[in-house]
$ cat query_13.cif   # mmCIF, C-alpha atoms
data_model
#
loop_
_atom_site.label_atom_id
_atom_site.label_comp_id
_atom_site.auth_asym_id
_atom_site.auth_seq_id
_atom_site.Cartn_x
_atom_site.Cartn_y
_atom_site.Cartn_z
CA MET X 1 -24.53 -92.85 183.93
CA LYS X 2 -23.05 -93.60 180.52
CA ALA X 3 -19.56 -94.99 179.97
CA LEU X 4 -18.16 -91.74 178.52
CA GLU X 5 -20.19 -89.23 180.50
CA GLY X 6 -18.10 -86.18 181.32
CA ILE X 7 -15.71 -86.63 178.37
CA LYS X 8 -15.66 -83.45 176.28
CA VAL X 9 -14.81 -83.88 172.59
CA LEU X 10 -14.15 -81.07 170.13
CA ASP X 11 -15.15 -82.61 166.82
CA LEU X 12 -13.65 -80.91 163.76
CA SER X 13 -14.35 -83.85 161.47
CA ARG X 14 -16.69 -83.99 158.51
CA VAL X 15 -18.36 -86.38 156.06
CA LEU X 16 -17.93 -89.96 157.30
CA ALA X 17 -14.79 -91.40 158.98
CA GLY X 18 -14.46 -88.77 161.70
CA PRO X 19 -18.20 -88.29 162.29
CA TYR X 20 -18.64 -92.06 162.57
CA CYS X 21 -15.94 -92.10 165.26
CA THR X 22 -17.54 -89.28 167.24
CA MET X 23 -21.00 -90.81 166.80
CA MET X 24 -19.70 -93.95 168.53
CA LEU X 25 -18.38 -91.81 171.38
CA ALA X 26 -21.58 -89.74 171.53
CA ASP X 27 -23.80 -92.81 171.82
CA PHE X 28 -22.09 -93.62 175.12
CA GLY X 29 -22.41 -90.19 176.63
CA ALA X 30 -19.40 -88.19 175.41
CA ASN X 31 -20.17 -84.48 175.09
CA ILE X 32 -19.53 -83.99 171.37
CA ILE X 33 -19.16 -80.35 170.32
CA LYS X 34 -19.26 -80.42 166.54
CA ILE X 35 -17.35 -77.43 165.20
CA GLU X 36 -18.34 -76.50 161.65
CA PRO X 37 -17.46 -73.69 159.26
CA PRO X 38 -20.21 -71.04 159.15
CA GLY X 39 -22.59 -70.94 156.22
CA VAL X 40 -22.05 -74.44 154.81
CA GLY X 41 -21.02 -76.63 157.74
CA ASP X 42 -20.00 -80.27 157.36
CA ASP X 43 -19.78 -81.17 153.64
CA SER X 44 -22.23 -84.02 154.18
CA ARG X 45 -25.05 -81.55 154.92
CA ALA X 46 -25.20 -81.28 151.10
CA PHE X 47 -25.35 -85.06 150.50
CA GLY X 48 -28.64 -86.81 149.72
CA PRO X 49 -31.07 -88.26 150.37
CA PHE X 50 -32.91 -85.23 151.74
CA VAL X 51 -35.93 -84.71 153.95
CA GLY X 52 -36.95 -81.26 152.80
CA LYS X 53 -33.64 -79.37 152.96
CA GLU X 54 -32.12 -81.61 155.64
CA SER X 55 -29.64 -84.34 154.68
CA ALA X 56 -30.64 -87.78 155.94
CA TYR X 57 -27.02 -88.79 155.34
CA PHE X 58 -25.82 -86.11 157.77
CA MET X 59 -28.56 -86.85 160.29
CA SER X 60 -27.67 -90.55 160.39
CA LEU X 61 -24.07 -89.82 161.44
CA ASN X 62 -24.38 -86.84 163.75
CA ARG X 63 -26.97 -87.78 166.34
CA ASN X 64 -26.23 -87.02 169.99
CA LYS X 65 -24.00 -84.08 168.98
CA ARG X 66 -24.27 -80.30 169.34
CA SER X 67 -23.13 -77.83 166.68
CA ILE X 68 -21.19 -74.59 166.92
CA THR X 69 -19.78 -72.62 164.00
CA LEU X 70 -16.24 -71.22 163.97
CA ASN X 71 -14.30 -69.64 161.13
CA PHE X 72 -10.62 -70.56 161.41
CA LYS X 73 -9.73 -67.76 159.01
CA SER X 74 -10.59 -65.41 161.86
CA GLY X 75 -7.80 -65.01 164.40
CA ALA X 76 -10.30 -64.28 167.16
CA GLU X 77 -12.22 -67.48 166.46
CA VAL X 78 -9.00 -69.53 166.35
CA ASP X 79 -8.16 -68.08 169.77
CA LEU X 80 -11.64 -69.01 171.01
CA PHE X 81 -11.08 -72.58 169.85
CA LYS X 82 -7.80 -72.65 171.78
CA GLU X 83 -9.67 -71.58 174.90
CA MET X 84 -12.09 -74.45 174.30
CA VAL X 85 -9.15 -76.86 174.01
CA LYS X 86 -8.13 -75.97 177.56
CA GLN X 87 -11.38 -77.58 178.77
CA ALA X 88 -11.44 -80.49 176.30
CA ASP X 89 -10.47 -84.12 176.75
CA VAL X 90 -10.33 -85.01 173.05
CA VAL X 91 -9.96 -83.32 169.67
CA VAL X 92 -10.96 -85.31 166.58
CA GLU X 93 -10.14 -84.15 163.05
CA ASN X 94 -9.97 -85.79 159.63
CA TYR X 95 -8.28 -83.14 157.55
CA ARG X 96 -5.40 -83.83 155.20
CA PRO X 97 -2.12 -83.83 157.18
CA GLY X 98 -0.75 -80.32 157.55
CA THR X 99 -4.10 -78.54 157.43
CA MET X 100 -4.45 -78.07 161.18
CA GLU X 101 -0.84 -76.92 161.41
CA LYS X 102 -1.60 -74.10 158.94
CA PHE X 103 -4.00 -72.68 161.50
CA GLY X 104 -1.56 -73.21 164.36
CA LEU X 105 -3.83 -75.97 165.68
CA GLY X 106 -1.80 -79.14 165.12
CA TYR X 107 -1.08 -81.55 167.94
CA GLU X 108 2.25 -79.94 168.85
CA ASP X 109 0.46 -76.60 169.21
CA LEU X 110 -2.52 -77.89 171.16
CA LYS X 111 -0.60 -80.07 173.60
CA LYS X 112 1.16 -76.91 174.83
CA ILE X 113 -2.27 -75.57 175.74
CA ASN X 114 -3.51 -78.85 177.23
CA PRO X 115 -0.87 -81.56 177.86
CA LYS X 116 -3.60 -84.06 178.80
CA LEU X 117 -5.31 -83.72 175.43
CA ILE X 118 -6.07 -86.80 173.31
CA TYR X 119 -5.68 -85.62 169.72
CA ALA X 120 -7.13 -88.06 167.16
CA ALA X 121 -6.32 -87.53 163.49
CA CYS X 122 -7.95 -89.75 160.88
CA SER X 123 -6.72 -89.25 157.31
CA GLY X 124 -6.43 -91.20 154.09
CA PHE X 125 -2.85 -92.36 154.55
CA GLY X 126 -1.84 -91.22 158.02
CA HIS X 127 0.64 -88.58 159.17
CA SER X 128 3.77 -90.27 157.78
CA GLY X 129 4.94 -92.09 154.67
CA PRO X 130 5.24 -91.15 150.99
CA TYR X 131 1.45 -90.98 150.47
CA MET X 132 0.83 -88.72 153.46
CA LEU X 133 -0.36 -85.71 151.46
CA LYS X 134 -2.40 -87.62 148.86
CA PRO X 135 -6.15 -86.97 148.98
CA ALA X 136 -8.33 -90.01 149.60
CA TYR X 137 -11.93 -91.11 149.44
CA ASP X 138 -13.51 -94.37 150.50
CA ILE X 139 -13.27 -95.91 147.03
CA ILE X 140 -9.58 -94.94 146.77
CA VAL X 141 -8.57 -96.81 149.92
CA GLN X 142 -10.86 -99.74 149.12
CA ALA X 143 -8.98 -100.02 145.82
CA MET X 144 -5.48 -99.44 147.19
CA GLY X 145 -6.08 -101.52 150.34
CA GLY X 146 -6.84 -104.73 148.45
CA ILE X 147 -10.42 -105.37 149.54
CA MET X 148 -11.80 -104.62 146.06
CA SER X 149 -9.46 -107.21 144.55
CA ILE X 150 -11.11 -110.00 146.57
CA THR X 151 -14.71 -108.76 146.29
CA GLY X 152 -17.12 -109.62 143.49
CA SER X 153 -18.14 -112.58 141.36
CA GLU X 154 -15.60 -115.32 140.72
CA GLY X 155 -13.71 -114.39 137.58
CA GLY X 156 -15.39 -110.98 137.55
CA GLU X 157 -14.16 -107.43 137.96
CA PRO X 158 -12.93 -106.05 141.30
CA THR X 159 -15.92 -104.62 143.17
CA ARG X 160 -16.38 -101.90 145.76
CA VAL X 161 -18.00 -103.12 148.97
CA GLY X 162 -21.55 -101.70 149.07
CA ALA X 163 -21.08 -99.86 152.37
CA SER X 164 -18.28 -97.28 152.73
CA VAL X 165 -16.01 -99.60 154.69
CA GLY X 166 -12.92 -97.53 153.90
CA ASP X 167 -14.33 -94.67 155.95
CA ILE X 168 -16.37 -96.61 158.49
CA ILE X 169 -13.61 -99.01 159.54
CA ALA X 170 -11.22 -96.07 159.92
CA GLY X 171 -13.82 -94.31 162.07
CA MET X 172 -14.15 -97.38 164.27
CA PHE X 173 -10.38 -97.70 164.68
CA THR X 174 -10.17 -93.98 165.52
CA ALA X 175 -12.78 -94.41 168.26
CA TYR X 176 -10.79 -97.41 169.50
CA GLY X 177 -7.65 -95.26 169.54
CA VAL X 178 -9.43 -92.54 171.51
CA MET X 179 -10.51 -95.15 174.09
CA LEU X 180 -6.94 -96.41 174.42
CA GLY X 181 -5.69 -92.84 174.80
CA LEU X 182 -8.25 -92.07 177.50
CA PHE X 183 -7.42 -95.27 179.37
CA HIS X 184 -3.70 -94.49 179.31
CA ARG X 185 -4.40 -90.94 180.47
CA GLU X 186 -6.55 -92.25 183.31
CA ARG X 187 -3.55 -94.18 184.61
CA THR X 188 -0.75 -91.68 183.89
CA GLY X 189 -2.28 -88.24 183.28
CA GLU X 190 -0.51 -88.15 179.92
CA GLY X 191 -2.20 -87.14 176.67
CA GLN X 192 -1.11 -88.27 173.21
CA LYS X 193 -1.73 -88.14 169.47
CA ILE X 194 -3.76 -90.87 167.74
CA ASP X 195 -2.79 -91.18 164.05
CA VAL X 196 -5.13 -93.38 161.96
CA GLY X 197 -4.75 -93.92 158.22
CA MET X 198 -7.67 -95.30 156.22
CA LEU X 199 -5.32 -97.40 154.09
CA ASP X 200 -3.77 -98.98 157.20
CA CYS X 201 -7.23 -99.90 158.44
CA GLN X 202 -8.10 -101.65 155.19
CA LEU X 203 -4.99 -103.80 155.49
CA ALA X 204 -5.84 -104.60 159.10
CA VAL X 205 -9.18 -106.22 158.18
CA LEU X 206 -8.01 -108.40 155.29
CA GLU X 207 -7.70 -111.37 157.71
CA ASN X 208 -7.08 -114.60 155.74
CA ALA X 209 -6.38 -112.92 152.38
CA ILE X 210 -2.97 -111.80 153.59
CA SER X 211 -2.17 -115.06 155.37
CA ARG X 212 -3.14 -117.02 152.25
CA TYR X 213 -0.77 -114.92 150.14
CA THR X 214 2.14 -114.91 152.59
CA THR X 215 2.00 -118.68 153.11
CA SER X 216 1.36 -119.75 149.50
CA GLY X 217 2.52 -116.92 147.28
CA VAL X 218 -0.81 -117.14 145.44
CA VAL X 219 -2.58 -113.82 144.99
CA PRO X 220 -6.22 -114.06 146.20
CA THR X 221 -8.97 -113.18 143.73
CA PRO X 222 -12.75 -112.66 143.99
CA LEU X 223 -14.68 -115.82 144.85
CA GLY X 224 -18.23 -114.53 144.92
CA ASN X 225 -20.12 -115.60 148.03
CA ARG X 226 -18.06 -118.60 149.03
CA HIS X 227 -15.31 -118.75 151.64
CA PRO X 228 -11.78 -119.32 150.32
CA SER X 229 -10.84 -122.04 152.82
CA ILE X 230 -14.04 -123.33 154.47
CA THR X 231 -16.42 -125.47 152.39
CA PRO X 232 -19.42 -125.52 152.10
CA PHE X 233 -19.74 -121.93 153.23
CA ALA X 234 -21.67 -120.17 150.48
CA ALA X 235 -24.92 -119.13 148.82
CA PHE X 236 -26.94 -121.95 147.28
CA THR X 237 -29.63 -121.57 144.61
CA ALA X 238 -33.13 -122.35 145.84
CA LYS X 239 -36.39 -122.26 143.83
CA ASP X 240 -36.97 -118.59 144.54
CA GLY X 241 -33.53 -117.13 145.22
CA HIS X 242 -30.51 -117.92 147.37
CA VAL X 243 -29.98 -119.33 150.82
CA ILE X 244 -26.74 -119.05 152.79
CA VAL X 245 -25.38 -122.18 154.47
CA GLY X 246 -22.21 -122.45 156.53
CA ALA X 247 -21.14 -126.01 157.32
CA GLY X 248 -17.83 -125.00 158.82
CA ASN X 249 -16.59 -128.39 160.10
CA ASP X 250 -16.91 -132.12 159.43
CA ARG X 251 -19.68 -132.56 162.01
CA LEU X 252 -21.84 -129.92 160.34
CA TRP X 253 -20.99 -131.34 156.91
CA GLU X 254 -22.30 -134.72 157.99
CA LYS X 255 -25.50 -133.15 159.35
CA LEU X 256 -26.00 -131.32 156.05
CA CYS X 257 -25.49 -134.49 153.99
CA ASN X 258 -28.04 -136.35 156.08
CA LEU X 259 -30.50 -133.45 155.89
CA ILE X 260 -30.42 -133.32 152.09
CA GLY X 261 -30.68 -137.10 151.80
CA CYS X 262 -27.14 -137.68 150.52
CA PRO X 263 -25.30 -139.50 153.35
CA GLU X 264 -22.96 -141.05 150.78
CA LEU X 265 -21.28 -137.66 150.30
CA VAL X 266 -19.88 -137.78 153.85
CA ASN X 267 -17.28 -140.39 152.97
CA ASP X 268 -16.84 -139.46 149.32
CA ALA X 269 -13.06 -139.08 148.87
CA ARG X 270 -13.61 -135.72 147.15
CA PHE X 271 -15.50 -134.30 150.11
CA ASN X 272 -14.55 -136.20 153.27
CA THR X 273 -12.38 -133.40 154.71
CA ASN X 274 -12.64 -129.63 154.59
CA GLY X 275 -9.46 -129.47 152.51
CA ASN X 276 -10.84 -131.94 149.97
CA ARG X 277 -14.16 -130.13 149.83
CA THR X 278 -12.36 -126.84 149.17
CA ASN X 279 -10.13 -128.38 146.51
CA ASN X 280 -13.20 -129.83 144.77
CA VAL X 281 -15.51 -126.92 145.42
CA ASN X 282 -16.94 -126.67 141.89
CA GLU X 283 -18.06 -130.31 141.89
CA LEU X 284 -19.48 -129.92 145.38
CA MET X 285 -21.40 -126.74 144.56
CA ALA X 286 -22.88 -128.34 141.44
CA ALA X 287 -24.06 -131.36 143.45
CA LEU X 288 -25.56 -129.25 146.24
CA ASN X 289 -27.22 -126.68 143.96
CA ALA X 290 -28.98 -129.51 142.11
CA ILE X 291 -30.60 -130.40 145.45
CA PHE X 292 -31.21 -126.89 146.83
CA VAL X 293 -33.10 -125.82 143.71
CA THR X 294 -35.88 -128.30 144.58
CA LYS X 295 -37.22 -126.21 147.50
CA THR X 296 -37.91 -122.56 148.33
CA ILE X 297 -35.75 -120.41 150.59
CA ASN X 298 -38.23 -120.63 153.46
CA GLU X 299 -38.57 -124.38 153.12
CA TRP X 300 -34.80 -124.79 153.33
CA LEU X 301 -34.50 -122.36 156.23
CA GLU X 302 -37.09 -124.29 158.23
CA LEU X 303 -35.24 -127.59 157.66
CA LEU X 304 -31.76 -126.15 158.24
CA GLU X 305 -32.73 -124.29 161.42
CA LYS X 306 -34.42 -127.39 162.84
CA ALA X 307 -31.17 -129.31 162.24
CA GLU X 308 -29.21 -126.42 163.88
CA LEU X 309 -27.18 -125.78 160.77
CA PRO X 310 -25.94 -122.18 160.36
CA CYS X 311 -28.06 -120.59 157.63
CA GLY X 312 -29.84 -117.42 156.63
CA PRO X 313 -31.58 -115.58 153.81
CA ILE X 314 -29.94 -112.80 151.81
CA ASN X 315 -32.07 -109.93 153.08
CA THR X 316 -32.72 -106.80 151.11
CA ILE X 317 -32.55 -103.59 153.16
CA ASP X 318 -36.33 -103.39 153.59
CA LYS X 319 -36.33 -106.87 155.10
CA VAL X 320 -33.39 -106.43 157.45
CA VAL X 321 -34.73 -103.23 159.00
CA ASN X 322 -37.98 -105.07 159.79
CA ASP X 323 -36.36 -108.31 160.94
CA PRO X 324 -37.69 -109.50 164.34
CA GLN X 325 -34.16 -109.98 165.67
CA ILE X 326 -33.24 -106.41 164.70
CA LYS X 327 -36.39 -105.16 166.42
CA ALA X 328 -35.74 -107.23 169.55
CA ARG X 329 -32.23 -105.79 169.83
CA LYS X 330 -33.52 -102.24 169.25
CA MET X 331 -31.26 -101.83 166.25
CA MET X 332 -33.66 -99.46 164.49
CA VAL X 333 -34.54 -96.36 166.49
CA GLU X 334 -36.45 -93.13 165.91
CA VAL X 335 -35.63 -89.56 166.90
CA ASP X 336 -37.51 -86.29 166.42
CA HIS X 337 -35.59 -83.77 164.32
CA PRO X 338 -36.66 -80.11 164.71
CA VAL X 339 -36.96 -79.64 160.93
CA ALA X 340 -37.07 -83.08 159.29
CA GLY X 341 -39.48 -84.62 161.79
CA ARG X 342 -39.36 -88.21 162.97
CA GLN X 343 -36.33 -90.05 161.57
CA LYS X 344 -35.40 -93.73 161.64
CA MET X 345 -31.78 -94.82 161.89
CA PRO X 346 -29.61 -97.72 163.14
CA GLY X 347 -29.35 -98.08 166.90
CA VAL X 348 -26.35 -98.77 169.14
CA PRO X 349 -24.79 -102.20 168.45
CA VAL X 350 -22.73 -102.49 171.66
CA LYS X 351 -25.01 -103.59 174.48
CA MET X 352 -23.61 -102.78 177.94
CA SER X 353 -25.31 -104.05 181.10
CA VAL X 354 -24.36 -101.15 183.40
CA THR X 355 -23.58 -98.18 181.13
CA PRO X 356 -25.68 -98.69 177.98
CA GLY X 357 -25.47 -96.39 175.00
CA GLN X 358 -28.52 -94.60 173.62
CA VAL X 359 -29.67 -92.43 170.75
CA GLU X 360 -31.01 -89.50 172.78
CA PHE X 361 -31.33 -86.58 170.41
CA PRO X 362 -31.10 -85.87 166.68
CA ALA X 363 -28.32 -84.39 164.60
CA PRO X 364 -27.98 -80.63 165.12
CA LEU X 365 -28.87 -77.83 162.78
CA LEU X 366 -25.83 -75.84 161.67
CA GLY X 367 -24.64 -73.74 164.60
CA GLN X 368 -27.76 -74.62 166.59
CA HIS X 369 -25.94 -74.77 169.94
CA THR X 370 -23.36 -71.99 169.55
CA ALA X 371 -24.82 -69.76 172.27
CA GLU X 372 -25.61 -72.71 174.54
CA ILE X 373 -22.07 -74.09 174.35
CA LEU X 374 -20.37 -70.73 174.94
CA LEU X 375 -22.63 -70.07 177.92
CA GLU X 376 -21.82 -73.52 179.28
CA MET X 377 -18.05 -73.26 178.76
CA PHE X 378 -17.33 -69.58 179.39
CA GLY X 379 -20.47 -68.09 180.93
CA TRP X 380 -21.12 -65.87 177.90
CA ASP X 381 -24.60 -64.43 177.65
CA HIS X 382 -26.44 -63.96 174.36
CA GLU X 383 -25.26 -60.38 173.97
CA LYS X 384 -21.58 -61.23 174.46
CA THR X 385 -21.82 -64.09 171.97
CA GLU X 386 -23.41 -61.88 169.32
CA THR X 387 -20.86 -59.12 169.93
CA PHE X 388 -17.92 -61.55 169.69
CA PHE X 389 -18.92 -63.00 166.33
CA ARG X 390 -19.85 -59.59 164.92
CA GLU X 391 -16.42 -58.21 165.82
CA ALA X 392 -14.57 -61.39 164.78
CA LYS X 393 -15.67 -61.05 161.14
#

$ encode --input "query_13.cif" --output "structure tokens"
Amino acid sequence: MKALEGIKVLDLSRVLAGPYCTMMLADFGANIIKIEPPGVGDDSRAFGPFVGKESAYFMSLNRNKRSITLNFKSGAEVDLFKEMVKQADVVVENYRPGTMEKFGLGYEDLKKINPKLIYAACSGFGHSGPYMLKPAYDIIVQAMGGIMSITGSEGGEPTRVGASVGDIIAGMFTAYGVMLGLFHRERTGEGQKIDVGMLDCQLAVLENAISRYTTSGVVPTPLGNRHPSITPFAAFTAKDGHVIVGAGNDRLWEKLCNLIGCPELVNDARFNTNGNRTNNVNELMAALNAIFVTKTINEWLELLEKAELPCGPINTIDKVVNDPQIKARKMMVEVDHPVAGRQKMPGVPVKMSVTPGQVEFPAPLLGQHTAEILLEMFGWDHEKTETFFREAK
């Protein structure tokens, strides 16, 4: 039995933030019914890269889900959705605030149908505040949320994080909110609305950038690969590239100095405490890079690992997906897609001893499970399903 087995989720979300949330729920057994507009479906079905006509982008985010198509411009299909809500535990949507209300399907409408419903809304700026109705994409909230202002080379231009962390972090927080809502309902029987704004989520993960500003008044700027307040904690230049080393305390600093044959640096007044090392970071980096450039990445990794100093290479994507640790943790998995064939994708990162998650089946074709779902929920046979959608047009 999986942790969320028996939880029925009506998933109206599309592209990334919402689908990432429901993918997390699906991996642990939630019954995700992905509701898409007929004809085109989730916008991300049109996003590359493609395997034939199938979007690998879409497939990577919609595993373990089933698809049904509903047209909310049809009153009959809106009514059908409301009937589905009566049996649902959760509704997830990531439309701009007000969109669901236009169809008579906002939280206030749906909770009258099902008071125990957990309604999770993930939007750019949330369902309150002056920016509520502004459209948003990942890059917009990365920019407005501050993370771009502290990312990139020291002295360089603000830089977007390579992964879509504006969307993905919001998706994770939405899944977290759904879990909290379900836990509260388990104890009280009471449903509720979960309101997640992508901009809020960006602020929530800025960790020491905000504390540095609020305590010093100094606005943080990009620092490249080094840590703003722990030194040495950075990328160092080896013969054939870069190696990451994190000597996060005085004990590790001493071990590093001895390893590189420079024990005198331990008590050097410029470097004898973490604060002094951080204040004199440019001198320290110059001294260490002059030593690191004498050996290759692998040579340094062998020495550093033997000394139990935190270290690692900067892997390209081809290397990380084939890393032995990734393989041992089953973090790359394969599923058979009915059209695209065998597909590789990231596995489930949360390892549970009793109720483990699993990638069981691939992303659905558009509307693939419409008849199956309506039979399961309402006992409709194939003829009734065909008749309903023909008359609903």

$ closest_residue --input "query_13.cif" --among "X:Phe72, X:Phe125, X:Phe233, X:Tyr213" --to "X:Ile150" --atoms "only C-alpha atoms"
X:Tyr213

$ residues_near_point --input "query_13.cif" --point "(2.7, -79.8, 154.8)" --cutoff "12 Å" --atoms "all atoms listed in the file" --output "PyMOL selection string"
chain X and resi 95-103+106+127-128+132-134

$ closest_residue --input "query_13.cif" --among "X:Gly261, X:Gly191, X:Gly129, X:Pro228" --to "X:Lys112" --atoms "all atoms listed in the file"
X:Gly191

$ resolve_selection --input "query_13.cif" --expression "the PyMOL selection byres ((chain X and resi 358-374) around 6)" --output "list of chain:residue names"
X:Asp27, X:Met59, X:Asn62, X:Arg63, X:Asn64, X:Arg66, X:Ser67, X:Ile68, X:Thr69, X:Val335, X:His337, X:Gly357, X:Leu375, X:Glu376, X:Met377, X:Phe378, X:Trp380

$ residues_around --input "query_13.cif" --residues "stretch 206-208 of chain X" --least-positions-apart "2" --cutoff "9 Å" --atoms "all atoms listed in the file" --output "PyMOL selection string"
chain X and resi 145-147+202-204+210-213+228-229

$ write_last_selection --input "query_13.cif" --atoms "C-alpha atoms" --output "tab-separated table (two decimals), in the coordinates of the input"
chain	number	residue	atom	x	y	z
X	145	GLY	CA	-6.08	-101.52	150.34
X	146	GLY	CA	-6.84	-104.73	148.45
X	147	ILE	CA	-10.42	-105.37	149.54
X	202	GLN	CA	-8.10	-101.65	155.19
X	203	LEU	CA	-4.99	-103.80	155.49
X	204	ALA	CA	-5.84	-104.60	159.10
X	210	ILE	CA	-2.97	-111.80	153.59
X	211	SER	CA	-2.17	-115.06	155.37
X	212	ARG	CA	-3.14	-117.02	152.25
X	213	TYR	CA	-0.77	-114.92	150.14
X	228	PRO	CA	-11.78	-119.32	150.32
X	229	SER	CA	-10.84	-122.04	152.82

$ atom_distance --input "query_13.cif" --atom1 "atom CA of X:Pro356" --atom2 "atom CA of X:Gly197"
29.2 Å

$ resolve_selection --input "query_13.cif" --expression "the PyMOL selection byres ((chain X and resi 6) around 12)" --output "list in words"
Met1, Lys2, Ala3, Leu4, Glu5, Ile7, Lys8, Val9, Leu25, Ala26, Phe28, Gly29, Ala30, Asn31, Ile32, Gln87, Ala88, Asp89 and Val90 of chain X

$ write_last_selection --input "query_13.cif" --atoms "C-alpha atoms" --output "mmCIF file, in the frame of the given file"
data_model
loop_
_atom_site.group_PDB
_atom_site.id
_atom_site.type_symbol
_atom_site.label_atom_id
_atom_site.label_comp_id
_atom_site.auth_asym_id
_atom_site.auth_seq_id
_atom_site.Cartn_x
_atom_site.Cartn_y
_atom_site.Cartn_z
ATOM 1 C CA MET X 1 -24.530 -92.850 183.930
ATOM 2 C CA LYS X 2 -23.050 -93.600 180.520
ATOM 3 C CA ALA X 3 -19.560 -94.990 179.970
ATOM 4 C CA LEU X 4 -18.160 -91.740 178.520
ATOM 5 C CA GLU X 5 -20.190 -89.230 180.500
ATOM 6 C CA ILE X 7 -15.710 -86.630 178.370
ATOM 7 C CA LYS X 8 -15.660 -83.450 176.280
ATOM 8 C CA VAL X 9 -14.810 -83.880 172.590
ATOM 9 C CA LEU X 25 -18.380 -91.810 171.380
ATOM 10 C CA ALA X 26 -21.580 -89.740 171.530
ATOM 11 C CA PHE X 28 -22.090 -93.620 175.120
ATOM 12 C CA GLY X 29 -22.410 -90.190 176.630
ATOM 13 C CA ALA X 30 -19.400 -88.190 175.410
ATOM 14 C CA ASN X 31 -20.170 -84.480 175.090
ATOM 15 C CA ILE X 32 -19.530 -83.990 171.370
ATOM 16 C CA GLN X 87 -11.380 -77.580 178.770
ATOM 17 C CA ALA X 88 -11.440 -80.490 176.300
ATOM 18 C CA ASP X 89 -10.470 -84.120 176.750
ATOM 19 C CA VAL X 90 -10.330 -85.010 173.050
#

$ closest_residue --input "query_13.cif" --among "X:Ala170, X:Val78, X:Met84, X:Leu301" --to "X:Ile244" --atoms "only C-alpha atoms"
X:Leu301

$ resolve_selection --input "query_13.cif" --expression "the PyMOL selection byres ((chain X and resi 331) around 10)" --output "ChimeraX atom specification"
/X:321-323,325-330,332-333,345-349

$ write_last_selection --input "query_13.cif" --atoms "C-alpha atoms" --output "short mmCIF file (atom, residue, chain, number, x, y, z; two decimals), keeping the file's coordinate frame"
data_model
loop_
_atom_site.label_atom_id
_atom_site.label_comp_id
_atom_site.auth_asym_id
_atom_site.auth_seq_id
_atom_site.Cartn_x
_atom_site.Cartn_y
_atom_site.Cartn_z
CA VAL X 321 -34.73 -103.23 159.00
CA ASN X 322 -37.98 -105.07 159.79
CA ASP X 323 -36.36 -108.31 160.94
CA GLN X 325 -34.16 -109.98 165.67
CA ILE X 326 -33.24 -106.41 164.70
CA LYS X 327 -36.39 -105.16 166.42
CA ALA X 328 -35.74 -107.23 169.55
CA ARG X 329 -32.23 -105.79 169.83
CA LYS X 330 -33.52 -102.24 169.25
CA MET X 332 -33.66 -99.46 164.49
CA VAL X 333 -34.54 -96.36 166.49
CA MET X 345 -31.78 -94.82 161.89
CA PRO X 346 -29.61 -97.72 163.14
CA GLY X 347 -29.35 -98.08 166.90
CA VAL X 348 -26.35 -98.77 169.14
CA PRO X 349 -24.79 -102.20 168.45
#

$ atom_distance --input "query_13.cif" --atom1 "atom CA of X:Gly224" --atom2 "atom CA of X:Tyr20"
28.6 Å

$ atom_distance --input "query_13.cif" --atom1 "atom CA of X:Pro222" --atom2 "atom CA of X:Gly152"
5.3 Å

$ closest_residue --input "query_13.cif" --among "X:Phe236, X:Tyr57, X:Tyr131, X:Phe50" --to "X:Lys295" --atoms "all atoms listed in the file"
X:Phe236

$ closest_residue --input "query_13.cif" --among "X:Lys65, X:Arg14, X:His382, X:Arg251" --to "X:Asp42" --atoms "all atoms listed in the file"
X:Arg14

$ residues_near_point --input "query_13.cif" --point "(-18.2, -100.3, 147.2)" --cutoff "10 Å" --atoms "only C-alpha atoms" --output "list of chain:residue names"
X:Asp138, X:Ile139, X:Gln142, X:Ala143, X:Ile147, X:Met148, X:Thr151, X:Pro158, X:Thr159, X:Arg160, X:Val161, X:Gly162, X:Ala163, X:Ser164, X:Val165, X:Gly166

$ residues_around --input "query_13.cif" --residues "X:Val51" --least-positions-apart "6" --cutoff "9 Å" --atoms "all atoms listed in the file" --output "VMD selection string"
chain X and resid 339 to 341

$ residues_around --input "query_13.cif" --residues "X:Lys82" --least-positions-apart "4" --cutoff "9 Å" --atoms "all atoms listed in the file" --output "list in words"
Glu77, Val78, Lys86, Leu105, Leu110 and Ile113 of chain X

$ closest_residue --input "query_13.cif" --among "X:Ile168, X:Gly312, X:Cys201, X:Ala175" --to "X:Ala234" --atoms "only C-alpha atoms"
X:Gly312

$ residues_around --input "query_13.cif" --residues "X:Val92" --least-positions-apart "3" --cutoff "9 Å" --atoms "all atoms listed in the file" --output "number ranges by chain"
X: 9-13, 18-19, 21-22, 118-122, 174, 178

$ residues_around --input "query_13.cif" --residues "X:Glu190" --least-positions-apart "3" --cutoff "7 Å" --atoms "all atoms listed in the file" --output "list in words"
Pro115, Lys116 and Arg185 of chain X
